[in-house]
Amino acid sequence: MEENKEIKKILVIEDEHFIGELYTRALNNAGYQVKVIADGVEALSEAQKDYYDIILLDLMIPNLTGIEVLNILRDTTKTPHLKAKIIITTNLEQREDVKAEIEKKADGYIIKAELTPMELVEFLNKIKL
Amino acid sequence: MDNFQKYLNGFRLRLFFSLILENLISVGLIYLIFSYLNIGLGKTLIVAFLMSLVLSLITSLILSKSLTFPTKQLQQAVLRLTPSNNQPVSAPDTNKLSLGKELVSNLISQIYQISAVASKSADEIERTKYDLTKDFMANSIPLPIFVLDTNENIKFANKTAAKYLGMDVSDLINKNIYSILDMSFPNNNTFDAWLNNAKQNTANSSNQWERVKLNIRDQHPALYFDLSAYYNITSPEGYCTIITIFDHTKQYSQDDQSISFVALTVHELRTPLTLLKGYIEVFNQEFKGKLNPEMDSFLDKMRASSDQLTAFVNNILNVARVDNDQMELKLQKENWNEVLNQAIDTIDLRARVRGISLQREIANNIPLVGVDRLSIQEVILNLIDNAIKYSADSKIIKIKSHINGEGLVETTVQDFGRGIPESIISNLFTKFYRDHHNRSQVGGTGLGLYLSKAIIDAHQGNIWVHSKEGEGSTFGFTILPFDKLSQEQKKLSNDELVRSAHGWIKNHSYYRR
C-alpha cells in the first residue's frame, strides 16, 4: 500500500461543465487529485508546468483545439519536459488522418459516452505511470 | 582525270573517228564513181550525196546506240528505285559498258545511296508523325493515363496523369505503379488481384473499379476516382496494361462528409448520454439498496436504457461506415469465451429489466479466434437485442457456441418469441427492414441485422436465421479460428495498440523509445 500514498495528479481539459463535475467526483473518490480547465490556451500552459501524471484531453475545447494542444505538448521544442500520459477523451468520431495523428502522439483514447466515470477510473488505473 | 572527262574524251574520240571514217569513205566513193563511171560531175555529186546519206544513217545508227547506252543504264537505275513505278525493271549492268563505265557505275551507286537516304527519312517522317499523333492524343485527353510494362513499371504517363499526382512526367517513367499509386479499393476485387488473374489468362481483359481511394503522401486530402484498366496479352513492345483514371474526388469526398454529418449527430447524442450515464452511476452508488425495490428497478431500467441508446448510436456510426466503405476491422487473436461472455454481460441488465434470462451454453474447447473484438461484440449485442425485442412473453434466450463440423466457431442466439414469417426472412439482413406486422409493437430501426451481416462478412463468416412462426427464431453466425485466417488477414492484426472495449492504451509508448 506504500506506493499508493503518492497522490496521482490529473488535469482534465474539458469544457462541458457537468462532465468535469462527474469526472472530478469519481477521480477524487478514487484518490486522484484533479484540476479541470475548460479553455484550450489556459489548459496548455497548465499542462506545460509538467506537474501532472495524466492529462485527459477533450478535442473540442475553446480557443485551441485538442489536436493543437496535443501537437504542442508533443513538440519537444515547445514542451521540453512532460511526464504526463495524454489520454484523449472525446465523443467525436475522427477522420482517418486525425485518427492516425492521435495514435502516433497520444497514450490513450476513450469515447466518453462509452464509459461511466467509474469505468473511466478503472481505465486510468490500467495506465502504467 | 575525272570520270566525266574520261567519258567526254571517249565520246569525242568515237565521234571523231566515225566522222573521219565516214568522210573518207564518201571521198573515196566520189573518186571511184567519177573515175570509173564517167557520168559527169552533176550526176556524180547526186550519187555521192545519196551514198553519203546512207553511210551517215548507218554510222549514226551504230554510234547512237553505243553513245546512249550509259544514259540507258542510268535510266534503268532510276526507274528501279522510283516508288511509283510498278513495271519490273532489270538491274543495270555496268560490265556491258564500253564507254563511261566508271562514270555510270559511280552515278548509279550514288543514285542508290540517295534513294536509301530518302526512303529512310520517309520512314522517319512517318514514325515521327505517328509519335506526335500518339503524344498529342494522349496529352489532349483530359484523363490521367498510365501505360505499364509486364513488371508494372510505368512506360508512359500523359501530362494529365502527372498533373493529377502533382508530379512531373519524368518522375513517373520507369517507376513501379504501386509505388506511385497507393490505392485502396472498397473490397477484395483490387487492381493487382485482377492483373495477376489477367496475366494467367490467355485472352485480353479489361475491368472497371468504382470509388477507389488514392492515398497521397504528406497528408494531402485523399483523391477518389473510378478506375479502368485494359490488359493486352500480346503486349506490343512490352506495353501490356493501360490504366485510365476518372476522377470523382468532389463527388465521393462529399459522401465522405456525409459521415462527418453522422459523426456530428453522434457527437451531439453522445454528450448528453455521457452525462446521463454518469449521473445514473452516481445514483446507483449512492442510493442502490437504500431505496425501495421498485425504485431500484427503475434505476436499473434507466441504466439499461442508456446502454441501449449507446449501442444504437454506435450502430448508426457503423452503418455510415459500412455504407461509405470505411469500416476497417483489425482481426486479432482472441479468446472467444471471454469475448462472448463480456458481450453477454454488457446486455444482461437490458434482458433482466425485461424479466428475461440469458442462458449460456458455451463449449470450453473453442480455439483462439481471429476477430475484431469491438465489432464482433456489436454483432452479439445486436442479435441478443433483437431476441429481447421479439421475445414477447417468453422469458428465456439461449446463447450457444461450439466448433461445428467444418471446424468453424458457430454461435447462435435463440429466442422463443413470435418468430418470423417465412415470406420476409430473405429481407431481414437488408437496411431498414423490419417486420411490418410487428412495427407497432416492437421498437428498433432495422439497422442491427444489416450491420451484423456486414461485420460477419468482413470476418469471412456466415450469418443466418431459422425461424418458425409462434415458436421463435435462431440467429447464428460463424467465425474463423485464428489459425484459419489467411496470412494477409493476420498481417492486419499486427497492432501495437491494446484496444479495450471502449478505447485504447498504448502498449509501448511512441515517445518512450
# chains A, B, ... in the order shown; residues from 1 in each chain; ligands from 1
$ interface_residues --of "chain A" --to "chain B" --cutoff "6 Å" --atoms "only C-alpha atoms" --output "MDAnalysis selection string"
chainID A and resid 91:93 107:110 113:114 116:117
$ residues_around --residues "Asn106 (chain B)" --least-positions-apart "4" --cutoff "12 Å" --atoms "only C-alpha atoms" --output "number ranges by chain"
B: 2-4, 70, 73-74, 77, 94, 100-102, 110-113
$ closest_residue --among "A:Ala38, A:Gln94, A:Ala47, A:Glu21" --to "Lys9 (chain A)" --atoms "only C-alpha atoms"
A:Ala47
$ residues_around --residues "Asn315 (chain B)" --least-positions-apart "2" --cutoff "10 Å" --atoms "only C-alpha atoms" --output "VMD selection string"
chain B and resid 309 to 313 317 to 321 378 to 379 382 445 447 to 448 450 to 452
$ closest_residue --among "A:Val12, A:Ala30, A:Tyr51, A:Asp58" --to "Glu122 (chain A)" --atoms "only C-alpha atoms"
A:Ala30
$ closest_residue --among "B:Leu81, B:Glu22, B:Glu338, B:Leu32" --to "Ile58 (chain B)" --atoms "only C-alpha atoms"
B:Glu22
$ residues_around --residues "Ile13 (chain A)" --least-positions-apart "5" --cutoff "9 Å" --atoms "only C-alpha atoms" --output "list in words"
Gly20, Lys35, Val36, Ile37, Ala38, Asp39, Gly40, Ala43, Leu44, Ile55, Leu56, Leu57, Asp58, Leu59, Ile61, Gly66 and Thr89 of chain A
$ residues_around --residues "Gln33 (chain A)" --least-positions-apart "3" --cutoff "9 Å" --atoms "only C-alpha atoms" --output "MDAnalysis selection string"
chainID A and resid 7:11 24 27:28
$ write_last_selection --atoms "N, CA, C and O atoms" --output "short mmCIF file (atom, residue, chain, number, x, y, z; two decimals), in the first residue's frame"
data_model
loop_
_atom_site.label_atom_id
_atom_site.label_comp_id
_atom_site.auth_asym_id
_atom_site.auth_seq_id
_atom_site.Cartn_x
_atom_site.Cartn_y
_atom_site.Cartn_z
N ILE A 7 -0.03 10.72 -4.22
CA ILE A 7 -1.29 11.05 -4.89
C ILE A 7 -1.04 11.42 -6.35
O ILE A 7 -0.20 12.27 -6.65
N LYS A 8 -1.75 10.73 -7.25
CA LYS A 8 -1.60 11.00 -8.67
C LYS A 8 -2.42 12.23 -9.04
O LYS A 8 -3.55 12.41 -8.58
N LYS A 9 -1.79 13.05 -9.89
CA LYS A 9 -2.44 14.31 -10.25
C LYS A 9 -2.95 14.24 -11.70
O LYS A 9 -2.22 13.83 -12.59
N ILE A 10 -4.19 14.64 -11.86
CA ILE A 10 -4.82 14.56 -13.18
C ILE A 10 -5.32 15.93 -13.61
O ILE A 10 -5.98 16.63 -12.83
N LEU A 11 -4.97 16.32 -14.84
CA LEU A 11 -5.53 17.54 -15.41
C LEU A 11 -6.63 17.13 -16.39
O LEU A 11 -6.38 16.37 -17.33
N THR A 24 -14.50 14.74 -11.81
CA THR A 24 -13.83 15.18 -10.58
C THR A 24 -14.29 14.32 -9.41
O THR A 24 -13.49 13.83 -8.61
N LEU A 27 -12.95 10.68 -9.77
CA LEU A 27 -11.49 10.60 -9.62
C LEU A 27 -11.06 10.94 -8.19
O LEU A 27 -10.14 10.31 -7.65
N ASN A 28 -11.73 11.94 -7.58
CA ASN A 28 -11.43 12.26 -6.18
C ASN A 28 -11.71 11.05 -5.29
O ASN A 28 -10.91 10.72 -4.43
#
$ select_by_dssp --residues "region 21-94 of chain A" --states "strand (DSSP E or B)" --output "ChimeraX atom specification"
/A:33-37,54-58,85-90
$ write_last_selection --atoms "C-alpha atoms" --output "compact mmCIF listing (two decimals), in the first residue's frame"
# COMPACT_ATOMS: atom_id res chain seq x y z
CA GLN A 33 -6.01 14.98 -7.26
CA VAL A 34 -7.98 16.69 -10.04
CA LYS A 35 -7.98 20.05 -11.75
CA VAL A 36 -10.46 20.85 -14.54
CA ILE A 37 -9.79 23.54 -17.13
CA ILE A 54 -2.24 12.14 -16.50
CA ILE A 55 -3.86 14.66 -18.82
CA LEU A 56 -7.38 13.96 -20.06
CA LEU A 57 -7.73 15.96 -23.25
CA ASP A 58 -11.05 16.70 -24.91
CA LYS A 85 0.38 10.42 -20.11
CA ILE A 86 -2.04 12.09 -22.50
CA ILE A 87 -5.40 10.39 -22.85
CA ILE A 88 -7.77 11.75 -25.47
CA THR A 89 -11.36 11.88 -24.20
CA THR A 90 -13.86 12.64 -26.90
$ select_by_dssp --residues "region 244-469 of chain B" --states "helix (DSSP H, G or I)" --output "PyMOL selection string"
chain B and resi 249-287+293-323+336-352+373-389+422-425+436-438+448-458
$ atom_distance --atom1 "CA of Ile33 (chain B)" --atom2 "CA of Leu21 (chain B)"
18.1 Å
$ residues_around --residues "region 133-139 of chain B" --least-positions-apart "5" --cutoff "10 Å" --atoms "only C-alpha atoms" --output "PyMOL selection string"
chain B and resi 127-128+144-146+156-161
$ write_last_selection --atoms "N, CA and C atoms" --output "PDB file, in the first residue's frame"
ATOM      1  N   ARG B 127       7.194   7.777 -88.786  1.00  0.00           N
ATOM      2  CA  ARG B 127       7.230   7.415 -87.373  1.00  0.00           C
ATOM      3  C   ARG B 127       7.017   8.644 -86.486  1.00  0.00           C
ATOM      4  N   THR B 128       7.678   9.728 -86.821  1.00  0.00           N
ATOM      5  CA  THR B 128       7.524  10.962 -86.048  1.00  0.00           C
ATOM      6  C   THR B 128       6.072  11.394 -86.041  1.00  0.00           C
ATOM      7  N   PRO B 144      -6.171  11.136 -66.673  1.00  0.00           N
ATOM      8  CA  PRO B 144      -4.848  10.582 -66.399  1.00  0.00           C
ATOM      9  C   PRO B 144      -4.728   9.169 -66.984  1.00  0.00           C
ATOM     10  N   ILE B 145      -3.648   8.945 -67.748  1.00  0.00           N
ATOM     11  CA  ILE B 145      -3.445   7.645 -68.391  1.00  0.00           C
ATOM     12  C   ILE B 145      -2.035   7.144 -68.077  1.00  0.00           C
ATOM     13  N   PHE B 146      -1.951   5.881 -67.727  1.00  0.00           N
ATOM     14  CA  PHE B 146      -0.648   5.260 -67.493  1.00  0.00           C
ATOM     15  C   PHE B 146      -0.545   4.012 -68.372  1.00  0.00           C
ATOM     16  N   PHE B 156       4.702   4.862 -69.888  1.00  0.00           N
ATOM     17  CA  PHE B 156       4.187   6.117 -70.433  1.00  0.00           C
ATOM     18  C   PHE B 156       3.153   6.673 -69.469  1.00  0.00           C
ATOM     19  N   ALA B 157       3.203   7.978 -69.265  1.00  0.00           N
ATOM     20  CA  ALA B 157       2.156   8.643 -68.492  1.00  0.00           C
ATOM     21  C   ALA B 157       1.890   9.961 -69.189  1.00  0.00           C
ATOM     22  N   ASN B 158       0.624  10.287 -69.388  1.00  0.00           N
ATOM     23  CA  ASN B 158       0.365  11.550 -70.076  1.00  0.00           C
ATOM     24  C   ASN B 158       0.501  12.720 -69.100  1.00  0.00           C
ATOM     25  N   LYS B 159       0.471  13.925 -69.678  1.00  0.00           N
ATOM     26  CA  LYS B 159       0.693  15.112 -68.836  1.00  0.00           C
ATOM     27  C   LYS B 159      -0.396  15.241 -67.778  1.00  0.00           C
ATOM     28  N   THR B 160      -1.630  14.843 -68.146  1.00  0.00           N
ATOM     29  CA  THR B 160      -2.737  14.939 -67.188  1.00  0.00           C
ATOM     30  C   THR B 160      -2.455  14.064 -65.970  1.00  0.00           C
ATOM     31  N   ALA B 161      -1.873  12.878 -66.221  1.00  0.00           N
ATOM     32  CA  ALA B 161      -1.573  11.965 -65.113  1.00  0.00           C
ATOM     33  C   ALA B 161      -0.577  12.602 -64.158  1.00  0.00           C
TER      34      ALA B 161
END
